[in-house]
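File shown: my_file29.cif. Contents: mmCIF, C-alpha atoms.
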data_protein
#
loop_
_atom_site.label_atom_id
_atom_site.label_comp_id
_atom_site.auth_asym_id
_atom_site.auth_seq_id
_atom_site.Cartn_x
_atom_site.Cartn_y
_atom_site.Cartn_z
CA GLY A 1 69.29 145.33 -31.78
CA ASN A 2 72.55 146.93 -32.77
CA SER A 3 75.78 145.70 -31.23
CA VAL A 4 79.53 146.04 -31.69
CA THR A 5 82.15 143.47 -30.70
CA GLN A 6 85.84 144.31 -30.45
CA MET A 7 88.81 142.03 -29.97
CA GLU A 8 89.71 141.60 -26.36
CA GLY A 9 92.72 143.47 -25.09
CA PRO A 10 94.90 144.77 -23.85
CA VAL A 11 97.22 144.89 -26.83
CA THR A 12 100.90 145.54 -26.19
CA LEU A 13 103.25 146.31 -29.08
CA SER A 14 106.73 147.60 -29.68
CA GLU A 15 107.19 150.85 -31.54
CA GLU A 16 106.97 150.49 -35.36
CA ALA A 17 105.00 147.23 -35.10
CA PHE A 18 101.89 146.60 -37.21
CA LEU A 19 98.56 147.07 -35.46
CA THR A 20 95.23 145.38 -36.08
CA ILE A 21 92.22 145.76 -33.79
CA ASN A 22 89.27 143.66 -34.90
CA CYS A 23 85.73 144.97 -34.86
CA THR A 24 82.54 143.26 -36.01
CA TYR A 25 79.00 144.56 -35.80
CA THR A 26 75.36 143.55 -35.91
CA ALA A 27 72.86 146.05 -37.23
CA THR A 28 69.84 146.39 -39.45
CA GLY A 29 70.13 148.39 -42.63
CA TYR A 30 73.32 150.19 -43.51
CA PRO A 31 74.90 151.76 -40.44
CA SER A 32 77.76 154.22 -40.46
CA LEU A 33 80.89 152.96 -38.72
CA PHE A 34 83.38 154.84 -36.58
CA TRP A 35 86.57 154.46 -34.60
CA TYR A 36 86.97 156.70 -31.56
CA VAL A 37 90.15 157.06 -29.49
CA GLN A 38 90.50 158.02 -25.84
CA TYR A 39 93.96 159.19 -24.79
CA PRO A 40 94.81 159.10 -21.07
CA GLY A 41 92.98 161.86 -19.22
CA GLU A 42 91.16 163.09 -22.31
CA GLY A 43 87.71 162.74 -23.81
CA LEU A 44 86.66 160.56 -26.73
CA GLN A 45 87.83 161.81 -30.11
CA LEU A 46 86.69 160.71 -33.53
CA LEU A 47 89.57 158.95 -35.28
CA LEU A 48 87.95 157.93 -38.56
CA LYS A 49 84.64 156.92 -40.08
CA ALA A 50 83.09 155.16 -43.07
CA THR A 51 79.54 155.59 -44.24
CA LYS A 52 78.96 152.84 -46.80
CA ALA A 53 80.22 149.46 -47.88
CA ASP A 54 83.82 149.34 -49.18
CA ASP A 55 84.52 152.87 -47.93
CA LYS A 56 87.91 153.28 -46.29
CA GLY A 57 88.29 155.73 -43.44
CA SER A 58 91.77 157.02 -42.67
CA ASN A 59 93.44 159.46 -40.31
CA LYS A 60 96.84 159.83 -38.61
CA GLY A 61 98.11 156.69 -40.36
CA PHE A 62 95.18 154.58 -39.18
CA GLU A 63 92.84 152.92 -41.68
CA ALA A 64 89.66 150.87 -41.54
CA THR A 65 87.54 149.48 -44.37
CA TYR A 66 83.77 148.98 -44.15
CA ARG A 67 83.23 145.30 -45.07
CA LYS A 68 79.53 144.58 -45.37
CA GLU A 69 79.99 140.94 -46.38
CA THR A 70 81.86 140.17 -43.16
CA THR A 71 80.17 142.92 -41.06
CA SER A 72 83.60 144.13 -40.00
CA PHE A 73 85.50 147.39 -39.60
CA HIS A 74 89.00 146.39 -38.47
CA LEU A 75 91.43 149.15 -37.47
CA GLU A 76 94.97 148.97 -38.84
CA LYS A 77 98.17 150.97 -38.68
CA GLY A 78 101.41 150.02 -40.36
CA SER A 79 103.82 151.41 -37.77
CA VAL A 80 102.62 152.38 -34.30
CA GLN A 81 104.23 155.00 -32.08
CA VAL A 82 104.35 155.38 -28.32
CA SER A 83 101.96 158.31 -28.69
CA ASP A 84 99.31 155.92 -30.08
CA SER A 85 98.90 154.37 -26.64
CA ALA A 86 95.22 154.85 -25.83
CA VAL A 87 91.86 153.09 -25.67
CA TYR A 88 90.22 152.51 -29.05
CA PHE A 89 86.46 152.16 -29.47
CA CYS A 90 84.61 150.87 -32.50
CA ALA A 91 81.10 152.27 -32.87
CA LEU A 92 78.14 152.34 -35.22
CA SER A 93 75.30 154.69 -35.91
CA GLY A 94 72.20 152.68 -36.57
CA ILE A 95 69.36 153.26 -38.97
CA ASN A 96 65.77 153.05 -37.78
CA ALA A 97 62.86 151.35 -39.51
CA GLY A 98 62.07 154.55 -41.36
CA GLY A 99 65.53 154.61 -42.91
CA THR A 100 66.79 157.63 -41.02
CA SER A 101 69.57 157.76 -38.51
CA TYR A 102 68.99 157.58 -34.82
CA GLY A 103 71.80 160.09 -34.57
CA LYS A 104 73.40 158.13 -31.76
CA LEU A 105 76.31 155.75 -31.35
CA THR A 106 76.51 152.15 -30.13
CA PHE A 107 80.01 151.35 -28.86
CA GLY A 108 82.12 148.24 -28.49
CA GLN A 109 83.82 147.55 -25.19
CA GLY A 110 87.09 149.22 -26.12
CA THR A 111 90.62 147.91 -26.67
CA ILE A 112 93.55 149.19 -24.63
CA LEU A 113 96.68 149.68 -26.73
CA THR A 114 100.08 150.14 -25.11
CA VAL A 115 103.10 150.83 -27.29
CA HIS A 116 106.58 150.45 -25.80
CA PRO A 117 109.71 152.21 -27.13
CA GLU B 1 85.87 176.50 -31.13
CA ALA B 2 85.18 175.65 -27.49
CA GLY B 3 84.49 172.00 -26.79
CA VAL B 4 81.88 170.29 -24.66
CA ALA B 5 82.28 171.43 -21.07
CA GLN B 6 81.44 169.21 -18.11
CA SER B 7 81.60 169.62 -14.36
CA PRO B 8 82.54 168.44 -11.87
CA ARG B 9 85.37 166.32 -13.24
CA TYR B 10 85.51 164.07 -10.19
CA LYS B 11 83.00 163.25 -7.48
CA ILE B 12 83.01 160.76 -4.62
CA ILE B 13 79.75 160.16 -2.75
CA GLU B 14 78.30 157.59 -0.41
CA LYS B 15 75.56 155.26 -1.59
CA ARG B 16 72.06 156.66 -1.24
CA GLN B 17 73.36 160.22 -1.62
CA SER B 18 72.55 162.37 -4.62
CA VAL B 19 74.80 163.92 -7.27
CA ALA B 20 74.34 166.21 -10.23
CA PHE B 21 76.47 166.67 -13.34
CA TRP B 22 76.38 169.67 -15.63
CA CYS B 23 77.11 169.90 -19.33
CA ASN B 24 77.43 172.80 -21.73
CA PRO B 25 77.50 171.63 -25.36
CA ILE B 26 79.27 173.20 -28.29
CA SER B 27 77.54 176.42 -29.26
CA GLY B 28 74.78 175.87 -31.77
CA HIS B 29 74.57 172.11 -31.35
CA ALA B 30 70.94 171.06 -31.17
CA THR B 31 71.54 167.48 -30.05
CA LEU B 32 72.93 166.60 -26.64
CA TYR B 33 73.70 163.15 -25.27
CA TRP B 34 74.54 161.67 -21.88
CA TYR B 35 76.50 158.42 -21.93
CA GLN B 36 77.54 156.19 -19.03
CA GLN B 37 80.93 154.48 -19.29
CA ILE B 38 81.59 151.78 -16.71
CA LEU B 39 85.23 150.78 -16.30
CA GLY B 40 86.20 148.24 -18.94
CA GLN B 41 83.10 148.82 -21.05
CA GLY B 42 82.15 151.04 -23.93
CA PRO B 43 79.94 154.07 -23.39
CA LYS B 44 76.20 153.38 -23.18
CA LEU B 45 73.63 155.99 -24.15
CA LEU B 46 71.46 157.13 -21.26
CA ILE B 47 69.50 159.94 -22.89
CA GLN B 48 69.44 161.98 -26.09
CA PHE B 49 67.95 165.47 -26.40
CA GLN B 50 67.00 167.34 -29.54
CA ASN B 51 66.88 170.99 -28.42
CA ASN B 52 64.89 170.70 -25.16
CA GLY B 53 62.94 167.57 -26.12
CA VAL B 54 63.86 163.97 -25.28
CA VAL B 55 64.51 161.79 -28.35
CA ASP B 56 65.58 158.61 -26.59
CA ASP B 57 65.70 157.75 -22.89
CA SER B 58 65.06 154.03 -23.20
CA GLN B 59 68.18 153.07 -21.23
CA LEU B 60 67.86 155.68 -18.50
CA PRO B 61 67.08 154.09 -15.08
CA LYS B 62 64.22 156.45 -14.42
CA ASP B 63 63.71 155.37 -10.83
CA ARG B 64 66.97 157.08 -9.88
CA PHE B 65 68.29 159.03 -12.86
CA SER B 66 66.84 162.22 -14.28
CA ALA B 67 68.04 164.69 -16.87
CA GLU B 68 66.83 167.99 -18.18
CA ARG B 69 67.72 170.52 -20.84
CA LEU B 70 65.24 173.25 -20.06
CA LYS B 71 66.40 175.99 -22.43
CA GLY B 72 67.78 173.72 -25.11
CA VAL B 73 71.38 174.58 -24.29
CA ASP B 74 73.07 173.21 -21.18
CA SER B 75 71.91 170.09 -19.39
CA THR B 76 71.96 168.51 -15.95
CA LEU B 77 72.05 164.79 -15.14
CA LYS B 78 71.02 163.82 -11.61
CA ILE B 79 71.31 160.55 -9.72
CA GLN B 80 69.24 160.11 -6.56
CA PRO B 81 69.76 157.89 -4.64
CA ALA B 82 73.09 156.62 -5.90
CA LYS B 83 74.04 152.94 -5.88
CA LEU B 84 77.47 151.34 -5.92
CA GLU B 85 76.92 150.20 -9.51
CA ASP B 86 76.52 153.82 -10.63
CA SER B 87 80.29 154.28 -10.31
CA ALA B 88 81.29 155.25 -13.83
CA VAL B 89 82.34 158.09 -16.07
CA TYR B 90 79.42 160.18 -17.28
CA LEU B 91 80.11 161.56 -20.72
CA CYS B 92 78.26 164.43 -22.27
CA ALA B 93 78.36 164.85 -26.02
CA SER B 94 76.83 167.11 -28.61
CA SER B 95 76.19 167.19 -32.33
CA SER B 96 74.76 169.55 -34.91
CA ILE B 97 72.64 166.71 -36.32
CA GLY B 98 68.98 167.48 -36.86
CA THR B 99 65.98 165.18 -36.68
CA GLY B 100 66.20 162.53 -39.39
CA GLN B 101 69.69 163.49 -40.52
CA ALA B 102 72.43 160.93 -40.76
CA LEU B 103 75.57 160.97 -38.71
CA ASP B 104 77.49 160.32 -41.88
CA PHE B 105 77.10 163.75 -43.40
CA GLY B 106 79.69 165.46 -41.30
CA ASN B 107 77.55 165.72 -38.20
CA THR B 108 80.17 164.35 -35.89
CA ILE B 109 79.44 163.75 -32.23
CA TYR B 110 81.85 165.60 -29.95
CA PHE B 111 82.49 164.37 -26.42
CA GLY B 112 83.44 166.17 -23.23
CA GLU B 113 86.17 164.91 -20.93
CA GLY B 114 83.67 163.25 -18.64
CA SER B 115 82.65 163.38 -15.00
CA TRP B 116 84.11 160.54 -12.93
CA LEU B 117 81.75 159.28 -10.22
CA THR B 118 82.77 156.94 -7.42
CA VAL B 119 80.04 155.67 -5.10
CA VAL B 120 81.34 154.18 -1.84
#
Can I see the file as structure tokens?
Amino acid sequence: GNSVTQMEGPVTLSEEAFLTINCTYTATGYPSLFWYVQYPGEGLQLLLKATKADDKGSNKGFEATYRKETTSFHLEKGSVQVSDSAVYFCALSGINAGGTSYGKLTFGQGTILTVHP
Amino acid sequence: EAGVAQSPRYKIIEKRQSVAFWCNPISGHATLYWYQQILGQGPKLLIQFQNNGVVDDSQLPKDRFSAERLKGVDSTLKIQPAKLEDSAVYLCASSSIGTGQALDFGNTIYFGEGSWLTVV
């Protein structure tokens, strides 16, 4: 079945440091890949997505590239801010045997990011 | 645009009691999901509705969990009787995706803030 594995956290960085959160996946076919973010006390929000191999999703300074050869979708940001402190979830939308989307998400376990001033 | 509404936000119950959570999706969204998020884990899909029909309930513990979406709009998730391991955040989400469509064509899934359940 489909699965997503994220690097174990928590991750603690100083402001303006470089961020990488690793994500690898297992899926049949060609899933779409997503990063969701959960700020303290808020619901899950879509951060970025990529729908095919070599696509790069980007938003708010965050980037992730869909790497089919390594089945990875690592999240990166060049200079983090205190306001980026949150839990980050990697997720995929799988494709069924008929080639259509299940229309649902399979999530990784989440990575807690804390950024200090 | 109003988001996905959930209530109650917080609930504490004793084991073997029952609890119900309510969700109102974004207007016009045909697909509604209930996810369970246990502390330290990613959300896990419990049930997916397309209008008022069930698309996927393979991970719903049917001996104690039930969900309905009678008029194809709002939905209720019930747990009876509750166990200690049911302590989690219950997330409702909705999407405009139709049957067979891909999540990649702009049909983003939107999540509510969640209902936090503690079973003691």
Item to check | Counting all atoms listed in the file, chain B residues within 12 Å of chain A, as a PyMOL selection string | outcome: chain B and resi 3-6+9-10+30-50+55-57+89-116
Item to check | Target residues per the PyMOL selection byres ((chain B and resi 65-82) around 7), formatted as a list in words | outcome: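 Output of the PyMOL selection byres ((chain B and resi 65-82) around 7): Lys15, Arg16, Gln17, Ser18, Val19, Ala20, Phe21, Trp22, Cys23, Asn24, Pro25, Asn51, Asn52, Leu60, Pro61, Lys62, Asp63, Arg64, Lys83, Leu84 and Asp86 of chain B.
Straight-line separation from atom CA of A:Gln81 to atom CA of B:Ala88: 29.3 Å.
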Next on the checklist: Residue by residue, what does the PyMOL selection byres ((chain A and resi 113) around 7) grab here? Present the result as a PyMOL selection string.
Outcome noted: chain A and resi 10-12+85-87+111-112+114-115
Just C-alpha atoms for this one: save the residues we selected as a PDB file, in the coordinates of the input.
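Dumped to result-v6.pdb:
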ATOM      1  CA  PRO A  10      94.900 144.770 -23.850  1.00  0.00           C
ATOM      2  CA  VAL A  11      97.220 144.890 -26.830  1.00  0.00           C
ATOM      3  CA  THR A  12     100.900 145.540 -26.190  1.00  0.00           C
ATOM      4  CA  SER A  85      98.900 154.370 -26.640  1.00  0.00           C
ATOM      5  CA  ALA A  86      95.220 154.850 -25.830  1.00  0.00           C
ATOM      6  CA  VAL A  87      91.860 153.090 -25.670  1.00  0.00           C
ATOM      7  CA  THR A 111      90.620 147.910 -26.670  1.00  0.00           C
ATOM      8  CA  ILE A 112      93.550 149.190 -24.630  1.00  0.00           C
ATOM      9  CA  THR A 114     100.080 150.140 -25.110  1.00  0.00           C
ATOM     10  CA  VAL A 115     103.100 150.830 -27.290  1.00  0.00           C
TER      11      VAL A 115
END
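In this structure, atom CA of A:Glu69 sits 24.9 Å away from atom CA of A:Gly9.
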Next on the checklist: Env of A:Leu48: 7 Å cut, atoms = only C-alpha atoms, seq-sep filter 6 positions within chain, self excluded. Answer as an MDAnalysis selection string.
Outcome noted: chainID A and resid 34:35 57:59
Set up a box along x, y and z of the file covering all listed atoms of stretch 60-74 of chain B, add 4 Å on every one of the six sides, and write the centre and edge lengths in Å to one decimal, as AutoDock Vina command-line options.
--center_x 68.4 --center_y 165.0 --center_z -17.5 --size_x 17.4 --size_y 29.9 --size_z 23.2
Item to check | Å distance separating atom CA of A:Lys56 from atom CA of A:Met7, one decimal place | outcome: 19.8 Å
Next on the checklist: To test your reading of the syntax: which residues would the PyMOL selection byres ((chain A and resi 24) around 8) return for the file shown? Reply as a PyMOL selection string.
Outcome noted: chain A and resi 4-6+22-23+25-26+70-74
Pull C-alpha atoms from the residues just selected and write them as a compact mmCIF listing (two decimals), keeping the file's coordinate frame.
# COMPACT_ATOMS: atom_id res chain seq x y z
CA VAL A 4 79.53 146.04 -31.69
CA THR A 5 82.15 143.47 -30.70
CA GLN A 6 85.84 144.31 -30.45
CA ASN A 22 89.27 143.66 -34.90
CA CYS A 23 85.73 144.97 -34.86
CA TYR A 25 79.00 144.56 -35.80
CA THR A 26 75.36 143.55 -35.91
CA THR A 70 81.86 140.17 -43.16
CA THR A 71 80.17 142.92 -41.06
CA SER A 72 83.60 144.13 -40.00
CA PHE A 73 85.50 147.39 -39.60
CA HIS A 74 89.00 146.39 -38.47
Checklist entry - From the set A:Thr20, A:Ser3, A:Ser14, A:Ser79, which residue has the shortest atom-to-atom contact distance to A:Lys60, counting only C-alpha atoms? => result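 Among the listed residues, the smallest separation from A:Lys60 belongs to A:Ser79.
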Next on the checklist: I'd like to know which of A:Glu76, A:Leu47, A:Ile21, A:Glu16 is closest to A:Ala64, using all atoms listed in the file.
Outcome noted: A:Glu76
